[in-house]
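Structure first, then comments.
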Amino acid sequence: MRNLCSNYFYFVAGIIFLLLAKVKHSLEGYKTPKPFGVSEVDRCVEYDIRTVNEWIESLDAYVGLPGTLVGKNVLELGPGSDLGSGLTILSHGAQSYSAIDVNNLIESVPMQFYECLFDRLQKENPDLDANVLKNELMAQRQGVSDRLKFHCRPDFNILDAVGEGKVDVVFSQAAFEHFDDVQRTIQDLSAGCSSNAVAVISVDLQTHSRWIRDKDPNNIYRYPDWLYNKFYFKGTPNRIRPYEYKELFEKFGWQDVTMRTLTKLDCSRVEKEAPYLADAFRADKSEMGSLSVLICARRSS
Ligand SMILES: C[S@@+](CC[C@H](N)C(=O)[O-])C[C@H]1O[C@@H](n2cnc3c(N)ncnc32)[C@H](O)[C@@H]1O
């Protein structure tokens, strides 16, 4: 009885959160990619450096070689609030960094953020010439950098942004779950990549609205498509599950596609909640215990 009541409660509460998210988006647009604002400079710098370190660790472990990034052309999908990850990637020896996003959030980053980032990168690597990074940032702002590029494209057309066969390494963090057409994104990405490219992508599969995300991480999966889609706005979590990502990467010529669960929901809770999820998410293959995953894949050469 208690289980029934709490599931009923979260069903109703989730609809209220979906409605609030839609209203907020229609009033303000997409503004807060991180759980904190870019004015919290130290936290943002810390977040970007940690994210890049985790990507590099996963990339090196997947490829089986340290220093894989050196000399590579990197593409990030959905960088969010700033170019911190791009500059950090260049500081690790990448040849170039490009990012593509449907939102231009990087325009309003305070210069103080980048100064703090350069200080941190310099402290971590005393051999680094931070002036090289500063010059790239200035050139990027004037639209003349070859090594640091940001493409804001409402159509999210990867091929038009980067061209064919140019990308060696793909990174993305908590962005794929927002893409409108994941199949087309992976298809275009595949064409934009070189024959030996590697992708390291983390996907946040949980409900995104604060509060309910902690209480009921799988809340968005309670609703059938017809109901969930009533609250659609550009960027709503697309509810693509890990097995679907694997199928899509394989379909477009990627191999050794691995999925690692990064955050898990307790098995007994998954079992208890399963009868209250929409039909499409009840089967074992949906792996509802996975709250976030890391996808690694390589192009078949
Ligand atoms: C949660 S943020 C993550 C940003 C950054 N990677 C990070 O970890 O802070 C999601 C990213 O996806 C982008 N995004 C949102 N809706 C999108 C859409 N429909 N198509 C492509 N990108 C989208 C956002 O602009 C943002 O950069």
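We name chains A, B, ... following the order of the structure tokens; residues begin at 1 in each chain, and ligands are numbered from 1 as shown.
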Closest pair table for chain A residues within 7 Å of ligand 1, only C-alpha atoms and all ligand atoms, as JSON lines:
```
{"residue": "A:Tyr30", "atom": "CA", "partner": "ligand 1", "partner_atom_place_in_ligand_line": "25 (O)", "distance": 6.9}
{"residue": "A:Pro33", "atom": "CA", "partner": "ligand 1", "partner_atom_place_in_ligand_line": "2 (S)", "distance": 3.9}
{"residue": "A:Lys34", "atom": "CA", "partner": "ligand 1", "partner_atom_place_in_ligand_line": "9 (O)", "distance": 4.8}
{"residue": "A:Gly78", "atom": "CA", "partner": "ligand 1", "partner_atom_place_in_ligand_line": "27 (O)", "distance": 3.6}
{"residue": "A:Pro79", "atom": "CA", "partner": "ligand 1", "partner_atom_place_in_ligand_line": "6 (N)", "distance": 4.2}
{"residue": "A:Gly80", "atom": "CA", "partner": "ligand 1", "partner_atom_place_in_ligand_line": "27 (O)", "distance": 3.2}
{"residue": "A:Ser81", "atom": "CA", "partner": "ligand 1", "partner_atom_place_in_ligand_line": "9 (O)", "distance": 6.5}
{"residue": "A:Asp101", "atom": "CA", "partner": "ligand 1", "partner_atom_place_in_ligand_line": "22 (N)", "distance": 5.1}
{"residue": "A:Val102", "atom": "CA", "partner": "ligand 1", "partner_atom_place_in_ligand_line": "21 (C)", "distance": 5.0}
{"residue": "A:Asn103", "atom": "CA", "partner": "ligand 1", "partner_atom_place_in_ligand_line": "25 (O)", "distance": 4.5}
{"residue": "A:Phe156", "atom": "CA", "partner": "ligand 1", "partner_atom_place_in_ligand_line": "21 (C)", "distance": 6.0}
{"residue": "A:Ser172", "atom": "CA", "partner": "ligand 1", "partner_atom_place_in_ligand_line": "6 (N)", "distance": 6.0}
{"residue": "A:Gln173", "atom": "CA", "partner": "ligand 1", "partner_atom_place_in_ligand_line": "6 (N)", "distance": 4.3}
{"residue": "A:Ala174", "atom": "CA", "partner": "ligand 1", "partner_atom_place_in_ligand_line": "3 (C)", "distance": 4.8}
{"residue": "A:Ala175", "atom": "CA", "partner": "ligand 1", "partner_atom_place_in_ligand_line": "12 (O)", "distance": 4.0}
{"residue": "A:Phe176", "atom": "CA", "partner": "ligand 1", "partner_atom_place_in_ligand_line": "12 (O)", "distance": 6.9}
{"residue": "A:His178", "atom": "CA", "partner": "ligand 1", "partner_atom_place_in_ligand_line": "16 (N)", "distance": 4.7}
{"residue": "A:Phe179", "atom": "CA", "partner": "ligand 1", "partner_atom_place_in_ligand_line": "20 (N)", "distance": 4.1}
{"residue": "A:Asp180", "atom": "CA", "partner": "ligand 1", "partner_atom_place_in_ligand_line": "19 (N)", "distance": 4.9}
{"residue": "A:Lys234", "atom": "CA", "partner": "ligand 1", "partner_atom_place_in_ligand_line": "19 (N)", "distance": 4.9}
{"residue": "A:Gly235", "atom": "CA", "partner": "ligand 1", "partner_atom_place_in_ligand_line": "16 (N)", "distance": 3.5}
```
Where does region 196-275 of chain A meet region 40-55 of chain A within 9 Å, residue by residue, with the nearest atom pair and distance in Å to one decimal for each, counting only C-alpha atoms, listed by chain and rising number, as CSV?
```
residue,atom,partner,partner_atom,distance
A:Val200,CA,A:Trp55,CA,6.6
A:Ile201,CA,A:Trp55,CA,8.2
A:Ser202,CA,A:Trp55,CA,9.0
```
Residues from last step as file, N, CA and C atoms, as a PDB file, in the first residue's frame:
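Saved to again.pdb:
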```pdb
ATOM      1  N   VAL A 200      34.501   9.287 -26.308  1.00  0.00           N
ATOM      2  CA  VAL A 200      34.305   9.072 -24.863  1.00  0.00           C
ATOM      3  C   VAL A 200      33.171  10.017 -24.459  1.00  0.00           C
ATOM      4  N   ILE A 201      32.039   9.416 -24.126  1.00  0.00           N
ATOM      5  CA  ILE A 201      30.822  10.214 -23.974  1.00  0.00           C
ATOM      6  C   ILE A 201      30.106   9.816 -22.693  1.00  0.00           C
ATOM      7  N   SER A 202      29.837  10.788 -21.822  1.00  0.00           N
ATOM      8  CA  SER A 202      29.041  10.423 -20.641  1.00  0.00           C
ATOM      9  C   SER A 202      27.626  10.969 -20.825  1.00  0.00           C
TER      10      SER A 202
END
```
query: Hey, which of A:Arg299, A:Arg269, A:His208, A:Arg260 ends up closest to Leu20 (chain A)? Count only C-alpha atoms.
result: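 Among A:Arg299, A:Arg269, A:His208, A:Arg260, it is A:His208 that comes nearest to Leu20 (chain A).
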Proximity to Met138 (chain A) - best of A:Pro224, A:Ile100, A:Met111, A:Thr88, only C-alpha atoms: A:Met111
field: Which of region 27-187 of chain A fall in helix (DSSP H, G or I), as a PyMOL selection string
entry: chain A and resi 27-28+41-63+84-91+106-108+111-124+130-141+158-162+176-178+182-187
field: Given only C-alpha atoms as the counted atoms, nearest of A:Asp119, A:Tyr223, A:Arg2, A:Leu75 to Gly163 (chain A)
entry: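 Closest residue, counting only C-alpha atoms: A:Leu75.
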Could you tell me, as a PDB file with N, CA and C atoms, in the first residue's frame, which residues of region 200-259 of chain A DSSP assigns to strand (DSSP E) when given the backbone?
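Saved file selection-v5.pdb follows:
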```pdb
ATOM      1  N   VAL A 200      34.501   9.287 -26.308  1.00  0.00           N
ATOM      2  CA  VAL A 200      34.305   9.072 -24.863  1.00  0.00           C
ATOM      3  C   VAL A 200      33.171  10.017 -24.459  1.00  0.00           C
ATOM      4  N   ILE A 201      32.039   9.416 -24.126  1.00  0.00           N
ATOM      5  CA  ILE A 201      30.822  10.214 -23.974  1.00  0.00           C
ATOM      6  C   ILE A 201      30.106   9.816 -22.693  1.00  0.00           C
ATOM      7  N   SER A 202      29.837  10.788 -21.822  1.00  0.00           N
ATOM      8  CA  SER A 202      29.041  10.423 -20.641  1.00  0.00           C
ATOM      9  C   SER A 202      27.626  10.969 -20.825  1.00  0.00           C
ATOM     10  N   VAL A 203      26.662  10.162 -20.420  1.00  0.00           N
ATOM     11  CA  VAL A 203      25.257  10.530 -20.595  1.00  0.00           C
ATOM     12  C   VAL A 203      24.562  10.463 -19.241  1.00  0.00           C
ATOM     13  N   ASP A 204      23.870  11.543 -18.919  1.00  0.00           N
ATOM     14  CA  ASP A 204      23.109  11.604 -17.665  1.00  0.00           C
ATOM     15  C   ASP A 204      21.673  11.150 -17.983  1.00  0.00           C
ATOM     16  N   TRP A 254      30.792   2.129 -35.682  1.00  0.00           N
ATOM     17  CA  TRP A 254      31.714   2.173 -34.552  1.00  0.00           C
ATOM     18  C   TRP A 254      31.848   0.757 -34.017  1.00  0.00           C
ATOM     19  N   GLN A 255      33.022   0.445 -33.467  1.00  0.00           N
ATOM     20  CA  GLN A 255      33.200  -0.899 -32.917  1.00  0.00           C
ATOM     21  C   GLN A 255      33.706  -0.827 -31.477  1.00  0.00           C
ATOM     22  N   ASP A 256      33.761  -2.018 -30.848  1.00  0.00           N
ATOM     23  CA  ASP A 256      34.167  -2.109 -29.421  1.00  0.00           C
ATOM     24  C   ASP A 256      33.403  -1.084 -28.579  1.00  0.00           C
ATOM     25  N   VAL A 257      32.112  -1.001 -28.789  1.00  0.00           N
ATOM     26  CA  VAL A 257      31.306  -0.020 -28.050  1.00  0.00           C
ATOM     27  C   VAL A 257      31.087  -0.548 -26.626  1.00  0.00           C
ATOM     28  N   THR A 258      31.644   0.173 -25.658  1.00  0.00           N
ATOM     29  CA  THR A 258      31.481  -0.268 -24.266  1.00  0.00           C
ATOM     30  C   THR A 258      30.594   0.727 -23.526  1.00  0.00           C
ATOM     31  N   MET A 259      29.842   0.189 -22.566  1.00  0.00           N
ATOM     32  CA  MET A 259      28.953   1.013 -21.740  1.00  0.00           C
ATOM     33  C   MET A 259      29.327   0.759 -20.296  1.00  0.00           C
TER      34      MET A 259
END
```
Using only C-alpha atoms: which of A:Ala161, A:Ala94, A:Val167, A:Leu133 has the shortest distance to Ser145 (chain A):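 Looking only at the distances to Ser145 (chain A), the closest residue turns out to be A:Leu133.
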message: Measuring between only C-alpha atoms, which one of A:Asp146, A:Val293, A:Val74, A:Glu244 shows the shortest distance to Gly192 (chain A)?
response: A:Val74
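Each of A:Arg141, A:Arg282, A:Lys22, A:His151 was compared to Thr236 (chain A) using only C-alpha atoms, and A:Lys22 turns out to be the nearest.
For Ala191 (chain A), the residues within 9 Å (counting only C-alpha atoms, excluding itself and residues fewer than 5 positions away along the chain) are Leu159, Gly163, Glu164, Gly165, Lys166, Ile186 and Phe252 of chain A.
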field: Distance query Ile240 (chain A) at most 9 Å, only C-alpha atoms, self and fewer than 6 positions along chain excluded, as a list in words
entry: Glu177, Val182 and Leu205 of chain A
field: Distance of CA of Cys193 (chain A) from CA of Asn135 (chain A), expressed in Å to one decimal place
entry: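 Between CA of Asn135 (chain A) and CA of Cys193 (chain A) the gap is 27.1 Å.
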